[in-house]
Each structure stands twice: as structure tokens, then as C-alpha cells.
$ cat structure21.txt   # compact mmCIF, C-alpha atoms
# COMPACT_ATOMS: atom_id res chain seq x y z
CA MET A 1 -14.34 6.75 -2.97
CA ASN A 2 -14.74 7.44 -6.64
CA LEU A 3 -13.66 4.47 -8.80
CA VAL A 4 -11.30 6.56 -10.93
CA LEU A 5 -9.54 7.87 -7.81
CA ARG A 6 -9.36 4.36 -6.35
CA ALA A 7 -7.75 3.05 -9.53
CA ALA A 8 -5.29 5.97 -9.66
CA CYS A 9 -4.28 5.52 -5.99
CA VAL A 10 -3.78 1.76 -6.33
CA TYR A 11 -1.86 2.19 -9.61
CA MET A 12 0.49 4.79 -8.07
CA ALA A 13 0.97 2.75 -4.88
CA LEU A 14 1.87 -0.38 -6.87
CA LEU A 15 4.19 1.62 -9.11
CA PHE A 16 5.96 3.00 -6.02
CA VAL A 17 6.23 -0.36 -4.23
CA PHE A 18 7.54 -2.29 -7.24
CA ARG A 19 9.96 0.49 -8.18
CA VAL A 20 11.25 0.53 -4.60
CA ALA A 21 11.52 -3.27 -4.59
CA GLY A 22 14.08 -2.97 -7.40
CA LYS A 23 14.23 -4.04 -11.00
CA ARG A 24 15.25 -7.61 -10.22
CA SER A 25 12.35 -8.29 -7.85
CA LEU A 26 10.11 -10.05 -10.36
CA VAL A 27 12.57 -11.39 -12.90
CA THR A 28 12.90 -14.84 -11.39
CA VAL A 29 9.50 -15.79 -10.07
CA THR A 30 9.64 -18.64 -7.60
CA THR A 31 6.54 -20.56 -6.53
CA PHE A 32 6.29 -18.37 -3.44
CA ASP A 33 6.71 -15.16 -5.48
CA PHE A 34 3.86 -16.37 -7.67
CA LEU A 35 1.67 -16.94 -4.61
CA LEU A 36 2.61 -13.50 -3.31
CA LEU A 37 1.58 -11.96 -6.63
CA LEU A 38 -1.79 -13.70 -6.39
CA ILE A 39 -2.29 -12.37 -2.86
CA ILE A 40 -1.31 -8.85 -3.94
CA SER A 41 -3.75 -8.97 -6.85
CA GLU A 42 -6.51 -10.18 -4.51
CA CYS A 43 -5.80 -7.33 -2.04
CA THR A 44 -5.81 -4.69 -4.74
CA GLN A 45 -8.97 -6.12 -6.30
CA GLN A 46 -10.85 -5.53 -3.04
CA ALA A 47 -9.48 -2.00 -2.76
CA LEU A 48 -10.36 -1.22 -6.38
CA LEU A 49 -13.89 -2.58 -6.41
CA GLY A 50 -15.06 -2.00 -2.84
CA GLN A 51 -18.73 -2.99 -2.78
CA ASP A 52 -19.27 -2.23 -6.47
CA TYR A 53 -19.44 -5.39 -8.60
CA SER A 54 -21.19 -3.78 -11.58
CA VAL A 55 -20.09 -4.15 -15.21
CA THR A 56 -19.95 -0.35 -15.48
CA GLY A 57 -17.62 -0.24 -12.46
CA ALA A 58 -15.30 -2.83 -14.02
CA ILE A 59 -15.24 -0.92 -17.34
CA ILE A 60 -14.45 2.36 -15.53
CA LEU A 61 -11.57 0.67 -13.67
CA VAL A 62 -10.09 -0.98 -16.76
CA GLY A 63 -10.45 2.27 -18.70
CA THR A 64 -8.72 4.23 -15.93
CA LEU A 65 -5.84 1.77 -15.54
CA VAL A 66 -5.21 1.61 -19.30
CA SER A 67 -5.43 5.42 -19.56
CA LEU A 68 -2.88 5.81 -16.75
CA GLU A 69 -0.55 3.35 -18.49
CA LEU A 70 -0.92 5.21 -21.81
CA GLY A 71 -0.44 8.55 -20.05
CA LEU A 72 2.78 7.41 -18.42
CA SER A 73 4.05 5.97 -21.73
CA TRP A 74 3.33 9.35 -23.35
CA LEU A 75 5.22 11.16 -20.59
CA LYS A 76 8.13 8.71 -20.88
CA CYS A 77 8.41 9.45 -24.60
CA ARG A 78 8.63 13.17 -23.87
CA SER A 79 10.90 13.18 -20.84
CA THR A 80 14.11 11.18 -20.60
CA ARG A 81 14.36 11.98 -16.91
CA PHE A 82 10.83 10.71 -16.27
CA GLU A 83 11.55 7.56 -18.28
CA ARG A 84 14.69 6.90 -16.25
CA TRP A 85 12.89 7.31 -12.93
CA LEU A 86 10.12 4.98 -14.02
CA ASP A 87 12.05 2.32 -15.89
CA GLY A 88 15.59 2.76 -14.61
CA THR A 89 18.65 2.34 -16.82
CA PRO A 90 20.65 -0.74 -17.81
CA LEU A 91 23.78 -1.43 -15.81
CA VAL A 92 26.87 -3.26 -17.04
CA ILE A 93 28.01 -5.82 -14.45
CA ILE A 94 30.73 -7.60 -16.46
CA GLU A 95 32.90 -5.44 -18.69
CA ASP A 96 35.46 -7.06 -20.98
CA GLY A 97 35.37 -10.17 -18.80
CA ARG A 98 35.91 -8.18 -15.56
CA ILE A 99 33.23 -8.61 -12.90
CA LEU A 100 32.20 -5.24 -11.44
CA ARG A 101 31.47 -6.44 -7.90
CA GLU A 102 30.36 -3.11 -6.48
CA ARG A 103 27.56 -2.99 -9.07
CA LEU A 104 26.53 -6.56 -8.27
CA ALA A 105 26.00 -5.40 -4.69
CA TRP A 106 23.94 -2.40 -5.88
CA LEU A 107 21.50 -4.74 -7.60
CA SER A 108 21.71 -7.68 -5.17
CA VAL A 109 22.91 -9.88 -8.04
CA ASP A 110 25.50 -12.61 -7.51
CA GLU A 111 27.75 -14.63 -9.78
CA GLU A 112 25.30 -17.52 -9.68
CA ASP A 113 22.62 -15.33 -11.29
CA ILE A 114 25.04 -14.35 -14.06
CA LEU A 115 26.11 -17.95 -14.64
CA GLU A 116 22.48 -19.06 -14.79
CA ALA A 117 21.76 -16.44 -17.48
CA ALA A 118 24.89 -17.56 -19.35
CA HIS A 119 23.78 -21.21 -19.24
CA VAL A 120 20.26 -20.43 -20.41
CA GLN A 121 21.05 -17.86 -23.11
CA HIS A 122 24.24 -19.22 -24.69
CA GLY A 123 24.96 -22.59 -23.11
CA LEU A 124 28.19 -21.16 -21.67
CA LEU A 125 30.10 -23.25 -19.16
CA ARG A 126 32.14 -20.70 -17.20
CA LEU A 127 32.07 -17.04 -16.15
CA ASP A 128 35.33 -16.37 -18.05
CA GLN A 129 33.48 -17.07 -21.31
CA ILE A 130 31.40 -13.92 -20.74
CA ARG A 131 32.60 -10.66 -22.25
CA TYR A 132 29.73 -8.42 -21.16
CA ALA A 133 26.81 -8.95 -18.79
CA ILE A 134 24.19 -6.25 -18.54
CA VAL A 135 21.24 -5.98 -16.18
CA GLU A 136 18.63 -4.56 -18.52
CA ARG A 137 15.85 -2.13 -17.55
CA ASN A 138 13.40 -4.98 -17.05
CA GLY A 139 15.84 -6.62 -14.62
CA ALA A 140 16.85 -9.48 -16.93
CA ILE A 141 20.57 -10.25 -17.30
CA ALA A 142 21.76 -10.11 -20.92
CA ILE A 143 24.94 -12.06 -21.67
CA ILE A 144 27.37 -11.29 -24.50
CA PRO A 145 30.07 -14.00 -24.81
CA TRP A 146 33.57 -13.54 -26.18
CA ARG A 147 33.66 -14.17 -29.92
CA GLU A 148 35.49 -17.27 -31.19
CA GLY A 149 39.20 -16.37 -31.13
CA GLY A 150 38.46 -12.80 -29.96
CA MET B 151 14.85 9.45 -25.97
CA VAL B 152 17.53 8.03 -23.71
CA GLU B 153 21.10 8.75 -24.84
CA ILE B 154 23.02 5.72 -26.10
CA LYS B 155 26.70 5.66 -25.12
CA ARG B 156 29.52 3.47 -26.28
CA ALA B 157 31.76 1.62 -23.82
CA GLY B 158 34.34 -0.33 -25.80
CA ASP B 159 32.33 -2.29 -28.37
CA LEU B 160 29.17 -2.12 -26.28
CA GLU B 161 26.43 0.40 -26.92
CA THR B 162 24.28 1.01 -23.86
CA SER B 163 22.12 3.68 -22.25
CA GLU B 164 23.83 3.04 -18.89
CA ASP B 165 24.01 6.17 -16.70
CA LEU B 166 26.12 5.64 -13.62
CA ALA B 167 25.37 9.03 -12.07
CA PHE B 168 21.65 8.37 -12.37
CA GLU B 169 22.08 4.83 -11.01
CA ARG B 170 23.84 6.18 -7.91
CA THR B 171 21.12 8.77 -7.30
CA SER B 172 18.42 6.19 -7.96
CA ARG B 173 20.05 3.85 -5.45
CA ARG B 174 20.10 6.53 -2.76
CA VAL B 175 16.45 7.42 -3.42
CA ARG B 176 15.48 3.75 -3.39
CA ARG B 177 17.21 3.27 -0.04
CA VAL B 178 15.28 6.18 1.47
CA ALA B 179 12.03 4.94 -0.10
CA ARG B 180 12.61 1.44 1.30
CA SER B 181 13.18 2.90 4.77
CA LEU B 182 9.93 4.84 4.41
CA LEU B 183 8.16 1.64 3.37
CA TYR B 184 9.47 -0.17 6.48
CA VAL B 185 8.37 2.75 8.69
CA PHE B 186 4.95 2.70 7.02
CA VAL B 187 4.55 -1.03 7.73
CA LEU B 188 5.73 -0.57 11.33
CA LEU B 189 3.28 2.30 11.91
CA ALA B 190 0.50 0.21 10.36
CA ALA B 191 1.35 -2.64 12.76
CA LEU B 192 1.24 -0.18 15.66
CA GLY B 193 -2.21 0.99 14.60
CA LEU B 194 -1.70 4.36 12.91
CA PHE B 195 -4.15 3.25 10.24
CA GLY B 196 -6.55 1.56 12.62
CA ASP B 197 -6.73 -1.45 14.94
CA GLY B 198 -3.61 -1.23 17.08
CA PRO B 199 -2.20 0.38 20.24
CA LEU B 200 -1.88 3.83 18.61
CA SER B 201 -5.51 3.67 17.57
CA HIS B 202 -7.11 2.56 20.84
CA ALA B 203 -8.89 5.45 22.50
CA ARG B 204 -11.20 6.06 25.43
CA ALA B 205 -13.54 8.96 26.03
CA GLY B 206 -14.96 9.60 29.51
CA HIS B 207 -13.90 8.29 32.92
CA GLU B 208 -14.01 4.60 33.76
CA SER B 209 -15.96 5.38 36.93
CA GLY B 210 -18.82 6.86 34.88
CA PHE B 211 -20.07 6.86 31.31
CA PHE B 212 -17.26 6.03 28.90
CA VAL B 213 -16.64 4.74 25.39
CA ARG B 214 -13.77 2.66 24.04
CA TYR B 215 -13.18 3.08 20.31
CA GLU B 216 -10.57 3.22 17.55
CA ARG B 217 -9.48 6.77 16.69
CA PHE B 218 -8.40 5.65 13.22
CA ALA B 219 -10.77 3.88 10.84
CA ARG B 220 -10.91 3.13 7.12
CA VAL B 221 -13.62 3.71 4.54
CA ASP B 222 -15.71 0.56 4.04
CA GLY B 223 -13.99 -1.15 6.99
CA THR B 224 -15.90 -1.66 10.22
CA THR B 225 -15.10 0.02 13.50
CA ARG B 226 -16.53 -0.68 16.97
CA PHE B 227 -17.60 1.58 19.79
CA GLN B 228 -17.84 -0.11 23.17
CA ILE B 229 -20.27 2.05 25.13
CA HIS B 230 -20.21 1.64 28.91
CA PRO B 231 -23.27 3.33 30.46
CA HIS B 232 -22.97 5.03 33.83
CA PRO B 233 -23.22 2.33 36.54
CA GLY B 234 -26.68 2.81 37.95
CA SER B 235 -30.00 1.12 38.40
CA SER B 236 -29.97 -1.82 35.99
CA ALA B 237 -33.73 -2.15 36.10
CA ALA B 238 -34.33 1.13 34.27
CA PRO B 239 -34.12 1.16 30.49
CA ARG B 240 -30.96 2.87 29.17
CA ARG B 241 -31.54 5.64 26.68
CA LEU B 242 -28.43 6.47 24.67
CA PHE B 243 -28.25 9.05 21.91
CA VAL B 244 -26.00 9.43 18.88
CA SER B 245 -25.78 12.71 16.95
CA THR B 246 -26.93 12.73 13.32
CA SER B 247 -23.42 13.56 12.05
CA LEU B 248 -22.46 9.90 12.57
CA PHE B 249 -25.22 8.72 10.22
CA GLU B 250 -24.26 11.31 7.61
CA ARG B 251 -20.73 9.93 7.27
CA GLY B 252 -21.17 6.28 8.07
CA HIS B 253 -23.50 3.33 8.05
CA VAL B 254 -24.48 1.82 11.38
CA GLU B 255 -24.21 -1.92 10.89
CA GLN B 256 -25.30 -3.20 14.26
CA PHE B 257 -26.07 -2.50 17.91
CA VAL B 258 -25.31 -5.32 20.34
CA PRO B 259 -27.56 -6.06 22.17
CA GLU B 260 -30.50 -5.33 19.89
CA PRO B 261 -32.14 -2.05 20.97
CA ALA B 262 -35.77 -2.06 22.14
CA SER B 263 -36.57 1.10 20.18
CA VAL B 264 -35.00 3.84 18.09
CA GLU B 265 -36.39 7.37 18.02
CA ILE B 266 -35.29 9.83 15.38
CA ALA B 267 -34.98 13.50 16.40
CA ALA B 268 -33.73 16.43 14.31
CA ASP B 269 -30.14 16.29 15.51
CA ARG B 270 -29.90 12.88 17.16
CA SER B 271 -31.15 9.31 17.30
CA ILE B 272 -32.20 8.00 20.69
CA ILE B 273 -31.66 4.29 21.19
CA THR B 274 -33.30 2.52 24.09
CA PHE B 275 -31.95 -0.66 25.62
CA PRO B 276 -34.30 -2.43 28.04
CA ARG B 277 -31.69 -3.58 30.53
CA VAL B 278 -27.92 -3.13 30.82
CA GLU B 279 -26.45 -4.50 34.03
CA SER B 280 -23.86 -2.48 35.92
CA GLY B 281 -20.51 -3.20 34.26
CA GLY B 282 -22.24 -4.29 31.06
CA PHE B 283 -21.77 -2.47 27.80
CA VAL B 284 -23.34 -1.83 24.41
CA VAL B 285 -21.45 -2.28 21.15
CA LEU B 286 -22.06 -0.07 18.15
CA VAL B 287 -20.56 -1.37 14.89
CA MET B 288 -20.32 1.12 12.05
CA ARG B 289 -18.84 1.33 8.57
CA PRO B 290 -17.44 4.76 7.63
CA LEU B 291 -18.46 5.79 4.15
CA ARG B 292 -16.42 8.96 3.66
CA PRO B 293 -12.75 9.73 4.37
CA GLY B 294 -11.66 12.57 6.64
CA ALA B 295 -12.41 13.67 10.18
CA LEU B 296 -15.55 12.22 11.72
CA ARG B 297 -16.88 14.02 14.80
CA PHE B 298 -20.04 13.14 16.62
CA SER B 299 -21.61 13.18 20.07
CA LEU B 300 -22.71 10.17 22.02
CA GLY B 301 -24.30 10.19 25.42
CA GLU B 302 -26.96 9.14 27.85
CA GLU B 303 -30.28 10.99 27.73
CA GLY B 304 -30.30 13.37 30.68
CA GLY B 305 -26.72 12.40 31.49
CA PRO B 306 -23.21 13.05 30.29
CA THR B 307 -22.34 13.62 26.63
CA LEU B 308 -19.05 12.65 25.01
CA ASP B 309 -17.64 14.24 21.86
CA LEU B 310 -15.80 11.62 19.82
CA ALA B 311 -13.41 12.29 16.96
CA LEU B 312 -12.08 9.72 14.49
CA PHE B 313 -9.96 10.00 11.41
CA VAL B 314 -11.17 7.90 8.51
CA TYR B 315 -8.56 6.87 5.94
CA PRO B 316 -9.61 6.41 2.31

$ encode --input "structure21.txt" --output "C-alpha cells"
Amino acid sequence: MNLVLRAACVYMALLFVFRVAGKRSLVTVTTFDFLLLLIISECTQQALLGQDYSVTGAIILVGTLVSLELGLSWLKCRSTRFERWLDGTPLVIIEDGRILRERLAWLSVDEEDILEAAHVQHGLLRLDQIRYAIVERNGAIAIIPWREGG
Amino acid sequence: MVEIKRAGDLETSEDLAFERTSRRVRRVARSLLYVFVLLAALGLFGDGPLSHARAGHESGFFVRYERFARVDGTTRFQIHPHPGSSAAPRRLFVSTSLFERGHVEQFVPEPASVEIAADRSIITFPRVESGGFVVLVMRPLRPGALRFSLGEEGGPTLDLALFVYP
């Protein structure tokens, strides 16, 4: 198959799989997740290159992948709907100190994940010190603590 | 640009209606992914029970093969000649359409000779015992339907059809 088509197919397939896996799938990378990523990259490398190990082939592939990325960024800038489907939207999971449990279930996030983000980002000790927690578009949990005396 | 909303003191582009729709779509897409993996395990994309095929009757000339193959992967044809006199050389033929869409990697055992005709290649094997078989290993080079004929010279001909995935 043509190299450009190969690159486009693999790009779209990966986009689909990682979008389906959910925004939190690669936020906390364990040792096993890292190994899995290496295996995935090895599998896709074979599919992309086939029997062609030429420099020209590699340049065509890199050019195609970067063009696809730029093309999608261009489309995202022009269409809010497209941007939302590709990147998702942030989701508030603690609002004014109240844990929104239904939303935690939507994202497969638990209180331990929130507490871990609170420890790392602000050195907070307890969940009740958190005013807002938001799962951002990249899947990271952003913590906003209560202000001193507020 | 995504619309920024205000919830209390917090400004965010959160969109609950979209999040609900997205969740439903993701659930369906995940189910499709599981079905895809299951079908792959069963052989819909090659090498599995759904893919195993046989052409011809076991009492005569028949071929076991995979009906689904993949470009640049290898696929095997197990060719069982008609049980007959094992002393006579076996002359099998393969139509040219196979060579147009794939690369023949190997014949096992090694053929004694190969003759090229306009529409077919005739492969001669010096001796194949009754119950023995010949293996043809090929690598499809183009996706799509692959149809070709395979047979014994002066004997039965089988029309084989494979689907080659990209």
C-alpha cells in the first residue's frame, strides 16, 4: 500500500483507539503502560514501513504524519464541534468542595486520584481542602484549593 | 473557539450535554472495539476458525487454505493431489492471476520443474505419496479479492477465492 495511505490509516486508527480509551488512559503511565506503549509503537512501525526501509520512505511518513497533525489542528481552530470530539472538554469533579460522584464514575476516576493530584500540586492533606477539581482535556486533574479564610 | 462558561468563581469550557453524548458514543465505540478484537481472534482477518477453508472433496483433489489474508503477510495453501499412482510425477498448475497479485515465497517440497504458459504455471513434483500434500506459501501484494485456479494437469480444477486485507 502507498506510504501516505498507510500513514493516514495508522494515524486515524490510533486516534480512534486512544479517543475510545478515554482521556485518562495515558495520564498516569505505570511501568506496564510504558511497555505497552513501546509494543504499540513497534506494531505500528511495522505497519507503516512494511518492507520499505529507505530514507525517502521515512521522510514521506514523517511528512504525512506531521501534515495530518497540522491539518487536524487547522480544523480544530475552525470548528468547535470538531475540537470537542477530538480533544473532549474539561469536566468539574469537585464543585465548591462537593464531590460529584456520578462524574467520577463517567471518567473512572476515584477519590484517591484526586487526593494524589492535591498532594502533588498543592501539598494538601485532605479532600475537604479542595474547592474545585477539574479533569482537564488532557486527562490531568487540576486542583484549586480553598483560599486562606475563604 | 470553545465557549468559556462561569460556574461560581470558576471559568471553564465544561459542556455537560456534550460530555453525556461523548460518553454514549465512547461506550458504543468500545463495544465495537471489543467485537473487532473478538472477530480478529475468530479469524475474520485471517488465521482462525472463520478463515479456514477447503476447496474440493477430501476423497479427491482438494486444497486447504485461509480465505482471509493480509497484504505482506504470508498465507499457506495445502494442496492434496488426487490419491493415485505415487510413482508418476504430479503436475499441478496455478493460474497467472495468483502471480499478478502476490509473490510465491515457497513450494514445499521443492518442485522438479516449473513451466510458464500464457495463462498458467505448471509445477511438477517428482513424487507425492498417496495422502501426501504440497504446500504453497505466498505473500499477497495487493488488497482486495484474489481469485485464481489451481488444479492437476488433465485432472480437476479448483477455483479459489481469498480476500486480502490491506

$ interface_residues --input "structure21.txt" --of "chain A" --to "chain B" --cutoff "10 Å" --atoms "only C-alpha atoms" --output "PDB file with C-alpha atoms, in the frame of the given file"
ATOM      1  CA  MET A   1     -14.340   6.750  -2.970  1.00  0.00           C
ATOM      2  CA  ARG A   6      -9.360   4.360  -6.350  1.00  0.00           C
ATOM      3  CA  CYS A   9      -4.280   5.520  -5.990  1.00  0.00           C
ATOM      4  CA  PHE A  16       5.960   3.000  -6.020  1.00  0.00           C
ATOM      5  CA  VAL A  17       6.230  -0.360  -4.230  1.00  0.00           C
ATOM      6  CA  ARG A  19       9.960   0.490  -8.180  1.00  0.00           C
ATOM      7  CA  VAL A  20      11.250   0.530  -4.600  1.00  0.00           C
ATOM      8  CA  ALA A  21      11.520  -3.270  -4.590  1.00  0.00           C
ATOM      9  CA  GLY A  22      14.080  -2.970  -7.400  1.00  0.00           C
ATOM     10  CA  ALA A  47      -9.480  -2.000  -2.760  1.00  0.00           C
ATOM     11  CA  GLY A  50     -15.060  -2.000  -2.840  1.00  0.00           C
ATOM     12  CA  GLN A  51     -18.730  -2.990  -2.780  1.00  0.00           C
ATOM     13  CA  LYS A  76       8.130   8.710 -20.880  1.00  0.00           C
ATOM     14  CA  CYS A  77       8.410   9.450 -24.600  1.00  0.00           C
ATOM     15  CA  ARG A  78       8.630  13.170 -23.870  1.00  0.00           C
ATOM     16  CA  SER A  79      10.900  13.180 -20.840  1.00  0.00           C
ATOM     17  CA  THR A  80      14.110  11.180 -20.600  1.00  0.00           C
ATOM     18  CA  ARG A  81      14.360  11.980 -16.910  1.00  0.00           C
ATOM     19  CA  GLU A  83      11.550   7.560 -18.280  1.00  0.00           C
ATOM     20  CA  ARG A  84      14.690   6.900 -16.250  1.00  0.00           C
ATOM     21  CA  TRP A  85      12.890   7.310 -12.930  1.00  0.00           C
ATOM     22  CA  GLY A  88      15.590   2.760 -14.610  1.00  0.00           C
ATOM     23  CA  THR A  89      18.650   2.340 -16.820  1.00  0.00           C
ATOM     24  CA  PRO A  90      20.650  -0.740 -17.810  1.00  0.00           C
ATOM     25  CA  LEU A  91      23.780  -1.430 -15.810  1.00  0.00           C
ATOM     26  CA  VAL A  92      26.870  -3.260 -17.040  1.00  0.00           C
ATOM     27  CA  GLU A  95      32.900  -5.440 -18.690  1.00  0.00           C
ATOM     28  CA  ASP A  96      35.460  -7.060 -20.980  1.00  0.00           C
ATOM     29  CA  ARG A 103      27.560  -2.990  -9.070  1.00  0.00           C
ATOM     30  CA  TRP A 106      23.940  -2.400  -5.880  1.00  0.00           C
ATOM     31  CA  LEU A 107      21.500  -4.740  -7.600  1.00  0.00           C
ATOM     32  CA  TYR A 132      29.730  -8.420 -21.160  1.00  0.00           C
ATOM     33  CA  ILE A 134      24.190  -6.250 -18.540  1.00  0.00           C
ATOM     34  CA  VAL A 135      21.240  -5.980 -16.180  1.00  0.00           C
ATOM     35  CA  GLU A 136      18.630  -4.560 -18.520  1.00  0.00           C
ATOM     36  CA  ARG A 137      15.850  -2.130 -17.550  1.00  0.00           C
ATOM     37  CA  ILE A 144      27.370 -11.290 -24.500  1.00  0.00           C
TER      38      ILE A 144
END

$ atom_distance --input "structure21.txt" --atom1 "atom CA of Gly281 of chain B" --atom2 "atom CA of His232 of chain B"
8.6 Å

$ atom_distance --input "structure21.txt" --atom1 "atom CA of Gly63 of chain A" --atom2 "atom CA of Val29 of chain A"
28.3 Å

$ closest_residue --input "structure21.txt" --among "B:Ala262, B:Leu194, B:Leu189, B:Leu308" --to "His230 of chain B" --atoms "all atoms listed in the file"
B:Leu308

$ residues_around --input "structure21.txt" --residues "Phe298 of chain B" --least-positions-apart "3" --cutoff "8 Å" --atoms "all atoms listed in the file" --output "ChimeraX atom specification"
/B:244-248,309-311

$ closest_residue --input "structure21.txt" --among "B:Arg204, B:Arg214, B:Arg220, B:Lys155" --to "Arg251 of chain B" --atoms "all atoms listed in the file"
B:Arg220

$ residues_around --input "structure21.txt" --residues "segment 111-127 of chain A" --least-positions-apart "5" --cutoff "9 Å" --atoms "all atoms listed in the file" --output "number ranges by chain"
A: 97, 99, 104, 133, 140-145

$ write_last_selection --input "structure21.txt" --atoms "C-alpha atoms" --output "PDB file, in the frame of the given file"
ATOM      1  CA  GLY A  97      35.370 -10.170 -18.800  1.00  0.00           C
ATOM      2  CA  ILE A  99      33.230  -8.610 -12.900  1.00  0.00           C
ATOM      3  CA  LEU A 104      26.530  -6.560  -8.270  1.00  0.00           C
ATOM      4  CA  ALA A 133      26.810  -8.950 -18.790  1.00  0.00           C
ATOM      5  CA  ALA A 140      16.850  -9.480 -16.930  1.00  0.00           C
ATOM      6  CA  ILE A 141      20.570 -10.250 -17.300  1.00  0.00           C
ATOM      7  CA  ALA A 142      21.760 -10.110 -20.920  1.00  0.00           C
ATOM      8  CA  ILE A 143      24.940 -12.060 -21.670  1.00  0.00           C
ATOM      9  CA  ILE A 144      27.370 -11.290 -24.500  1.00  0.00           C
ATOM     10  CA  PRO A 145      30.070 -14.000 -24.810  1.00  0.00           C
TER      11      PRO A 145
END

$ atom_distance --input "structure21.txt" --atom1 "atom CA of Arg24 of chain A" --atom2 "atom CA of Ile40 of chain A"
17.8 Å

$ residues_near_point --input "structure21.txt" --point "(-8.1, -1.2, 18.9)" --cutoff "9 Å" --atoms "only C-alpha atoms" --output "ChimeraX atom specification"
/B:193,196-203,214-218,225-226

$ residues_around --input "structure21.txt" --residues "segment 252-261 of chain B" --least-positions-apart "4" --cutoff "6 Å" --atoms "only C-alpha atoms" --output "PyMOL selection string"
chain B and resi 248+274-275+284-291

$ residues_around --input "structure21.txt" --residues "Pro239 of chain B" --least-positions-apart "4" --cutoff "12 Å" --atoms "only C-alpha atoms" --output "ChimeraX atom specification"
/B:231,234-235,261-263,273-279,302-303

$ closest_residue --input "structure21.txt" --among "B:Ala205, B:Ala295, B:Val264, B:Ala238" --to "Ser280 of chain B" --atoms "all atoms listed in the file"
B:Ala238
